[in-house]
Amino acid sequence: MSELLDSAARVCSVTYDVAELTVRSIRHLDETIRRHTLLFKQFYEVGNRSLWVVTVFGAFIGLILVLYGGDQLRRFGQERYIGLTGLAIIWEFGPVFTAFILAGRVGSAYAAEIGTMKVYDEIDALRVMGVSPEAYLVTPRLVACVVMTPALVVIADLCALVAGSFMAWVFVRVAPNQFFQVLFQHLTTQHMTRSLVKSAFFGGIIAVTGCYHGFTTTGGAEGVGRSTTQSVVHSLLAIGVADYFIGRLLLAL
Amino acid sequence: MIKVSDLVAGYGDNIVLDGVNLDVESHEILVIMGQSGCGKSTLLRHIIGLNRPISGTVEIDGTDITRMDEAGYRAFCRSMGVLFQTGGLFNSMTVGDNVAFPLREHTRLAEPVIEIVVRLKLDQVGLRGVEKQMPSELSGGMRKRAGLARALALDPQTLFLDEPTTGLDPIIAAGIDELILRLHRQYGATMVVVAHDRASCMRIADRIAIFRDSALVEVGTPDEIQSSDNEYVKQLLERRPPEEDGGTSTSSYVSGEATA
Ligand SMILES: Nc1ncnc2c1ncn2[C@@H]1O[C@H](COP(=O)(O)OP(=O)(O)OP(=O)(O)O)[C@@H](O)[C@H]1O
Ligand SMILES: [Mg+2]
């Protein structure tokens, strides 16, 4: 029981620290605009690191969803509604799976980069040269993830929809134009906005969690490995939890 | 002027410095000596405001460093240069960009001017033609000298050098000693230098502070230190191994291992 309380207390304190780091980095937004080359480099890194994985993964998600969805709908003879699987993609599968991929590729890289800098005194060197490590390292990464995650989600969604419509055609004989017609009958701009807002939040979570674990790295190369894994695990958990609460919040609005 | 009062410092429960009082006068070179692991680097980290003391204070020109606001600390950072024991170079940047970093952050010099200053500073520490190389392509001693060049980039009024000559060959080390003295003569810079080499300490120091375990044992001019009758100070200066004292201390372990 006391162990449970301990872990709960730890989760709370880490969450608090991460939130504090977020606030501190947002305060340095003006400095990031001044150092825009750093920002553009981060944009490029986020996009470049994950574009192909997101594309391929998105396509397979589309295929699988339509496969299972089509199978179920066929039992009731309602194949013409197969386009509705597109809603699931836009609401949930696109944002969450893209965020998972980014947590693994981008968040972990942030933890490793910053962790290595920490271990080699580079963070301290930044500080004694009068540069805030948050401003120099976290803010550009945060901004890059918040902007690029929704962009990648859009790409993942498109791939999933195209692959899904193709699958629908092959598997349940629903032509792509019918697929998209049903989808667009039910899809509203509000849904799309929600999905993008959610993705931006996920991006923020991934960036700050990765950076936080980088900053808290101790103990040489081994420590870097540890904080890299931890950053992925914590990002995934945080994305899961945040998905639920953001979902509730956005539905209530 | 730097004033360290009753400084107690450590990592978690491990107390590394216990009640250190030390003043560094303006324009002097203070050399810190002491055995490995006695807390020299830790003291430097507290003086430059990277670590917070458990108790006690560090004052820079009368301001408590832990109470400095962000602008004040930034100004302090601009006026000082720090060489970390590990060099502290940014591994993701070329050596040239490393040295240019403080210039780009704190000055509005044009890029060609920065290039010239970078070449000049690298030249001062005896490095030529390494601007385009990455720190990982340099030898340990070259990395340290590149770190020194970066610390000198803004012509700081205060320099904190953690073992600037350790790991360098005698010729380069003597060159660095000369450089330290020259900077001192030319700019009147205040310097706190951690060093192990006796000859170089005696040469550059205005005063020497000797640490043992977690405390300051003696401070004085090189002459005073050399004529000190403190057993530990003599041992340290004369490079004598620790004496046997019944096999209970770590010293017997060290000498025991050496004879085995
Ligand atoms: N980051 C850290 N976390 C925990 N303990 C540390 C840390 N850094 C140093 N220590 C401990 O503090 C003590 C003093 O370390 P410090 O680096 O100040 O020694 P030093 O006098 O600079 O030694 P050296 O001459 O070998 O550089 C050591 O016993 C070390 O174990
Ligand atoms: Mg040291």
# chains A, B, ... in the order shown; residues from 1 in each chain; ligands from 1
>>> residues_near_ligand(ligand="ligand 1", cutoff="9 Å", atoms="only C-alpha atoms and all ligand atoms", output="MDAnalysis selection string")
(chainID A and resid 218:219) or (chainID B and resid 10:12 14:17 33:45 85 162:163 194:196 211 213:214)
>>> write_last_selection(atoms="N, CA and C atoms", output="compact mmCIF listing (two decimals), in the first residue's frame")
# COMPACT_ATOMS: atom_id res chain seq x y z
N THR A 218 21.27 11.02 -15.28
CA THR A 218 22.52 10.97 -14.51
C THR A 218 23.17 9.62 -14.80
N GLY A 219 24.48 9.57 -14.58
CA GLY A 219 25.14 8.27 -14.62
C GLY A 219 25.60 7.80 -15.98
N GLY B 10 27.18 19.41 -1.22
CA GLY B 10 27.24 17.97 -1.44
C GLY B 10 26.23 17.52 -2.46
N TYR B 11 26.17 16.22 -2.65
CA TYR B 11 25.22 15.62 -3.60
C TYR B 11 24.34 14.68 -2.80
N GLY B 12 23.07 15.02 -2.65
CA GLY B 12 22.19 14.21 -1.82
C GLY B 12 22.67 14.21 -0.39
N ASN B 14 25.54 12.95 0.55
CA ASN B 14 26.99 12.92 0.55
C ASN B 14 27.55 14.34 0.65
N ILE B 15 28.06 14.69 1.85
CA ILE B 15 28.62 16.02 2.04
C ILE B 15 30.02 16.06 1.44
N VAL B 16 30.26 16.97 0.51
CA VAL B 16 31.56 17.03 -0.16
C VAL B 16 32.40 18.19 0.37
N LEU B 17 31.77 19.30 0.68
CA LEU B 17 32.48 20.44 1.26
C LEU B 17 31.80 20.80 2.57
N MET B 33 44.46 23.38 -4.98
CA MET B 33 45.10 22.07 -5.09
C MET B 33 44.44 21.13 -4.10
N GLY B 34 44.64 19.86 -4.32
CA GLY B 34 44.08 18.88 -3.39
C GLY B 34 43.94 17.55 -4.09
N GLN B 35 43.72 16.51 -3.26
CA GLN B 35 43.65 15.18 -3.84
C GLN B 35 42.41 15.02 -4.71
N SER B 36 42.50 14.05 -5.59
CA SER B 36 41.35 13.74 -6.44
C SER B 36 40.14 13.39 -5.58
N GLY B 37 38.99 13.98 -5.92
CA GLY B 37 37.76 13.66 -5.20
C GLY B 37 37.55 14.46 -3.93
N CYS B 38 38.38 15.48 -3.68
CA CYS B 38 38.23 16.22 -2.43
C CYS B 38 37.25 17.37 -2.59
N GLY B 39 36.72 17.59 -3.79
CA GLY B 39 35.67 18.59 -3.94
C GLY B 39 36.09 19.88 -4.62
N LYS B 40 37.18 19.86 -5.38
CA LYS B 40 37.63 21.08 -6.05
C LYS B 40 36.65 21.51 -7.13
N SER B 41 36.27 20.55 -7.97
CA SER B 41 35.32 20.88 -9.04
C SER B 41 33.98 21.29 -8.44
N THR B 42 33.61 20.63 -7.35
CA THR B 42 32.35 20.97 -6.69
C THR B 42 32.37 22.41 -6.21
N LEU B 43 33.49 22.83 -5.64
CA LEU B 43 33.61 24.22 -5.20
C LEU B 43 33.44 25.18 -6.38
N LEU B 44 34.11 24.89 -7.48
CA LEU B 44 33.97 25.76 -8.66
C LEU B 44 32.52 25.84 -9.12
N ARG B 45 31.84 24.68 -9.15
CA ARG B 45 30.45 24.67 -9.60
C ARG B 45 29.58 25.54 -8.71
N GLN B 85 36.23 20.57 -16.39
CA GLN B 85 37.27 19.55 -16.33
C GLN B 85 37.20 18.65 -17.56
N ASP B 162 39.16 24.59 -14.66
CA ASP B 162 39.27 23.33 -13.92
C ASP B 162 40.30 22.45 -14.63
N GLU B 163 41.46 22.37 -14.05
CA GLU B 163 42.57 21.57 -14.58
C GLU B 163 42.88 21.88 -16.04
N VAL B 194 42.12 25.28 -10.95
CA VAL B 194 42.39 24.01 -10.26
C VAL B 194 43.56 23.36 -10.97
N ALA B 195 44.55 22.94 -10.20
CA ALA B 195 45.71 22.33 -10.85
C ALA B 195 46.33 21.29 -9.93
N HIS B 196 47.08 20.38 -10.52
CA HIS B 196 47.76 19.35 -9.74
C HIS B 196 49.27 19.52 -9.79
N PHE B 211 43.13 21.89 -0.36
CA PHE B 211 41.96 21.21 0.19
C PHE B 211 42.33 19.79 0.58
N ASP B 213 40.05 16.29 1.83
CA ASP B 213 38.72 15.73 2.03
C ASP B 213 37.68 16.82 1.81
N SER B 214 37.00 17.28 2.88
CA SER B 214 35.94 18.23 2.62
C SER B 214 36.27 19.61 3.15
>>> closest_atom_pairs(of="chain A", to="chain B", cutoff="10 Å", atoms="only C-alpha atoms", output="Markdown table")
| residue | atom | partner | partner_atom | distance |
| --- | --- | --- | --- | --- |
| A:Arg35 | CA | B:Glu105 | CA | 9.8 |
| A:Glu113 | CA | B:Ser92 | CA | 9.4 |
| A:Thr116 | CA | B:Asn91 | CA | 9.3 |
| A:Met117 | CA | B:Phe90 | CA | 7.5 |
| A:Lys118 | CA | B:Gly88 | CA | 9.7 |
| A:Val119 | CA | B:Gly88 | CA | 9.7 |
| A:Tyr120 | CA | B:Gly88 | CA | 6.1 |
| A:Asp121 | CA | B:Gly88 | CA | 5.1 |
| A:Glu122 | CA | B:Gly88 | CA | 5.1 |
| A:Ile123 | CA | B:Gly88 | CA | 8.5 |
| A:Asp124 | CA | B:Leu50 | CA | 7.0 |
| A:Ala125 | CA | B:Gly88 | CA | 6.0 |
| A:Leu126 | CA | B:Phe90 | CA | 8.9 |
| A:Arg127 | CA | B:Leu50 | CA | 7.8 |
| A:Val128 | CA | B:Cys77 | CA | 5.4 |
| A:Met129 | CA | B:Cys77 | CA | 5.5 |
| A:Gly130 | CA | B:Arg74 | CA | 4.7 |
| A:Val131 | CA | B:Arg74 | CA | 7.7 |
| A:Ser132 | CA | B:Arg74 | CA | 9.2 |
>>> select_by_dssp(residues="region 115-233 of chain B", states="strand (DSSP E)", output="PyMOL selection string")
chain B and resi 158-162+190-194+207-212+215-220
>>> atom_distance(atom1="CA of Thr188 (chain A)", atom2="CA of Ile205 (chain A)")
26.3 Å
>>> select_by_dssp(residues="region 101-182 of chain B", states="helix (DSSP H, G or I)", output="PyMOL selection string")
chain B and resi 101-106+111-124+135-137+140-152+170-182
>>> write_last_selection(atoms="C-alpha atoms", output="PDB file, in the first residue's frame")
ATOM      1  CA  PHE B 101      29.103  30.416 -29.586  1.00  0.00           C
ATOM      2  CA  PRO B 102      29.607  33.004 -26.806  1.00  0.00           C
ATOM      3  CA  LEU B 103      30.410  35.648 -29.420  1.00  0.00           C
ATOM      4  CA  ARG B 104      27.208  34.955 -31.340  1.00  0.00           C
ATOM      5  CA  GLU B 105      25.169  34.901 -28.146  1.00  0.00           C
ATOM      6  CA  HIS B 106      26.537  37.993 -26.481  1.00  0.00           C
ATOM      7  CA  GLU B 111      30.323  36.870 -39.096  1.00  0.00           C
ATOM      8  CA  PRO B 112      33.734  37.646 -40.721  1.00  0.00           C
ATOM      9  CA  VAL B 113      34.875  39.359 -37.507  1.00  0.00           C
ATOM     10  CA  ILE B 114      33.741  36.384 -35.453  1.00  0.00           C
ATOM     11  CA  GLU B 115      35.738  34.137 -37.742  1.00  0.00           C
ATOM     12  CA  ILE B 116      38.855  36.187 -37.100  1.00  0.00           C
ATOM     13  CA  VAL B 117      38.344  36.204 -33.331  1.00  0.00           C
ATOM     14  CA  VAL B 118      37.805  32.431 -33.353  1.00  0.00           C
ATOM     15  CA  ARG B 119      41.040  31.881 -35.257  1.00  0.00           C
ATOM     16  CA  LEU B 120      42.859  34.213 -32.880  1.00  0.00           C
ATOM     17  CA  LYS B 121      41.591  32.468 -29.757  1.00  0.00           C
ATOM     18  CA  LEU B 122      42.400  29.020 -31.101  1.00  0.00           C
ATOM     19  CA  ASP B 123      45.824  30.308 -32.052  1.00  0.00           C
ATOM     20  CA  GLN B 124      46.380  31.535 -28.479  1.00  0.00           C
ATOM     21  CA  PRO B 135      35.259  17.874 -31.046  1.00  0.00           C
ATOM     22  CA  SER B 136      35.153  14.080 -31.314  1.00  0.00           C
ATOM     23  CA  GLU B 137      37.928  14.260 -33.930  1.00  0.00           C
ATOM     24  CA  GLY B 140      41.781  14.855 -25.234  1.00  0.00           C
ATOM     25  CA  GLY B 141      44.377  17.588 -24.776  1.00  0.00           C
ATOM     26  CA  MET B 142      43.221  19.402 -27.906  1.00  0.00           C
ATOM     27  CA  ARG B 143      39.632  19.299 -26.670  1.00  0.00           C
ATOM     28  CA  LYS B 144      40.706  20.844 -23.417  1.00  0.00           C
ATOM     29  CA  ARG B 145      42.546  23.607 -25.239  1.00  0.00           C
ATOM     30  CA  ALA B 146      39.554  24.228 -27.489  1.00  0.00           C
ATOM     31  CA  GLY B 147      37.446  24.522 -24.327  1.00  0.00           C
ATOM     32  CA  LEU B 148      39.948  27.049 -23.026  1.00  0.00           C
ATOM     33  CA  ALA B 149      39.723  29.013 -26.271  1.00  0.00           C
ATOM     34  CA  ARG B 150      35.945  29.138 -25.869  1.00  0.00           C
ATOM     35  CA  ALA B 151      36.287  30.301 -22.261  1.00  0.00           C
ATOM     36  CA  LEU B 152      38.543  33.120 -23.474  1.00  0.00           C
ATOM     37  CA  PRO B 170      54.911  19.602 -20.707  1.00  0.00           C
ATOM     38  CA  ILE B 171      55.594  21.936 -23.616  1.00  0.00           C
ATOM     39  CA  ILE B 172      51.949  22.770 -24.293  1.00  0.00           C
ATOM     40  CA  ALA B 173      51.275  22.901 -20.536  1.00  0.00           C
ATOM     41  CA  ALA B 174      54.036  25.456 -20.100  1.00  0.00           C
ATOM     42  CA  GLY B 175      52.524  27.387 -22.997  1.00  0.00           C
ATOM     43  CA  ILE B 176      49.135  27.427 -21.255  1.00  0.00           C
ATOM     44  CA  ASP B 177      50.789  28.648 -18.053  1.00  0.00           C
ATOM     45  CA  GLU B 178      52.377  31.467 -20.032  1.00  0.00           C
ATOM     46  CA  LEU B 179      49.000  32.267 -21.584  1.00  0.00           C
ATOM     47  CA  ILE B 180      47.377  32.440 -18.143  1.00  0.00           C
ATOM     48  CA  LEU B 181      50.086  34.799 -16.902  1.00  0.00           C
ATOM     49  CA  ARG B 182      49.862  36.921 -20.036  1.00  0.00           C
TER      50      ARG B 182
END
>>> residues_around(residues="Thr85 (chain A)", least_positions_apart="3", cutoff="12 Å", atoms="only C-alpha atoms", output="mmCIF file with C-alpha atoms, in the first residue's frame")
data_model
loop_
_atom_site.group_PDB
_atom_site.id
_atom_site.type_symbol
_atom_site.label_atom_id
_atom_site.label_comp_id
_atom_site.auth_asym_id
_atom_site.auth_seq_id
_atom_site.Cartn_x
_atom_site.Cartn_y
_atom_site.Cartn_z
ATOM 1 C CA ILE A 61 -4.016 1.009 -40.235
ATOM 2 C CA GLY A 62 -6.418 1.945 -43.026
ATOM 3 C CA LEU A 63 -6.217 -1.538 -44.528
ATOM 4 C CA ILE A 64 -6.769 -3.313 -41.221
ATOM 5 C CA LEU A 65 -9.658 -1.160 -40.046
ATOM 6 C CA VAL A 66 -11.534 -1.629 -43.303
ATOM 7 C CA LEU A 67 -10.760 -5.347 -43.267
ATOM 8 C CA TYR A 68 -12.312 -5.896 -39.825
ATOM 9 C CA GLY A 69 -15.025 -3.267 -40.281
ATOM 10 C CA GLY A 70 -15.979 -4.696 -43.667
ATOM 11 C CA GLN A 72 -18.548 -7.139 -39.498
ATOM 12 C CA LEU A 73 -20.704 -4.962 -41.732
ATOM 13 C CA GLU A 79 -21.280 -2.791 -46.445
ATOM 14 C CA ARG A 80 -22.230 0.582 -47.904
ATOM 15 C CA TYR A 81 -21.471 2.208 -44.547
ATOM 16 C CA ILE A 82 -17.850 1.069 -44.663
ATOM 17 C CA ALA A 88 -12.438 6.242 -36.504
ATOM 18 C CA ILE A 89 -9.253 7.005 -38.397
ATOM 19 C CA ILE A 90 -9.644 10.748 -38.117
ATOM 20 C CA TRP A 91 -10.901 10.784 -34.556
ATOM 21 C CA GLU A 92 -8.619 8.312 -32.949
ATOM 22 C CA PHE A 93 -6.326 6.081 -34.953
ATOM 23 C CA GLY A 94 -4.508 8.768 -36.927
ATOM 24 C CA ASP A 157 -4.994 10.128 -42.124
ATOM 25 C CA ALA A 160 -5.077 5.484 -44.137
ATOM 26 C CA LEU A 161 -8.129 6.765 -46.010
ATOM 27 C CA VAL A 162 -6.685 6.093 -49.436
ATOM 28 C CA ALA A 163 -5.520 2.614 -48.420
ATOM 29 C CA GLY A 164 -8.854 1.988 -46.653
ATOM 30 C CA SER A 165 -10.931 2.989 -49.657
ATOM 31 C CA MET A 167 -9.376 -2.150 -49.368
ATOM 32 C CA ALA A 168 -13.112 -1.455 -49.323
ATOM 33 C CA PHE A 179 -16.564 5.287 -49.479
ATOM 34 C CA PHE A 180 -15.699 8.987 -49.398
ATOM 35 C CA VAL A 182 -20.438 8.280 -46.793
ATOM 36 C CA LEU A 183 -17.445 9.586 -44.895
ATOM 37 C CA PHE A 184 -17.940 13.209 -45.893
ATOM 38 C CA HIS A 186 -20.779 12.412 -41.484
ATOM 39 C CA LEU A 187 -17.464 14.198 -41.114
#
>>> closest_residue(among="B:Thr166, B:Ser200, B:Asn98, B:Ser5", to="Lys132 (chain B)", atoms="only C-alpha atoms")
B:Asn98
>>> closest_residue(among="B:Ile208, B:Ile2, B:Thr107, B:Arg239", to="Ile65 (chain B)", atoms="only C-alpha atoms")
B:Ile2
>>> closest_residue(among="B:Ile32, B:Ala153, B:Leu109, B:Leu236", to="ligand 2", atoms="only C-alpha atoms and all ligand atoms")
B:Ile32
>>> closest_residue(among="B:Asp223, B:Leu168, B:Leu216, B:Leu161", to="ligand 2", atoms="only C-alpha atoms and all ligand atoms")
B:Leu161
>>> residues_around(residues="Val130 (chain B)", least_positions_apart="6", cutoff="9 Å", atoms="only C-alpha atoms", output="list in words")
Thr94, Val95, Gly96, Leu122 and Leu138 of chain B
>>> write_last_selection(atoms="N, CA, C and O atoms", output="compact mmCIF listing (two decimals), in the first residue's frame")
# COMPACT_ATOMS: atom_id res chain seq x y z
N THR B 94 30.95 22.15 -34.70
CA THR B 94 32.38 22.15 -34.99
C THR B 94 33.12 22.93 -33.91
O THR B 94 32.50 23.69 -33.15
N VAL B 95 34.42 22.75 -33.85
CA VAL B 95 35.23 23.46 -32.87
C VAL B 95 35.08 24.97 -33.07
O VAL B 95 34.91 25.73 -32.12
N GLY B 96 35.09 25.40 -34.34
CA GLY B 96 34.94 26.82 -34.63
C GLY B 96 33.62 27.36 -34.10
O GLY B 96 33.58 28.42 -33.46
N LEU B 122 41.86 30.37 -30.94
CA LEU B 122 42.40 29.02 -31.10
C LEU B 122 43.91 29.08 -31.23
O LEU B 122 44.63 28.21 -30.72
N LEU B 138 39.13 15.42 -32.14
CA LEU B 138 40.32 15.97 -31.50
C LEU B 138 40.82 15.02 -30.41
O LEU B 138 40.06 14.20 -29.89
>>> closest_residue(among="A:Ala207, A:Ala111, A:Val153, A:Val172", to="Val224 (chain A)", atoms="only C-alpha atoms")
A:Ala111
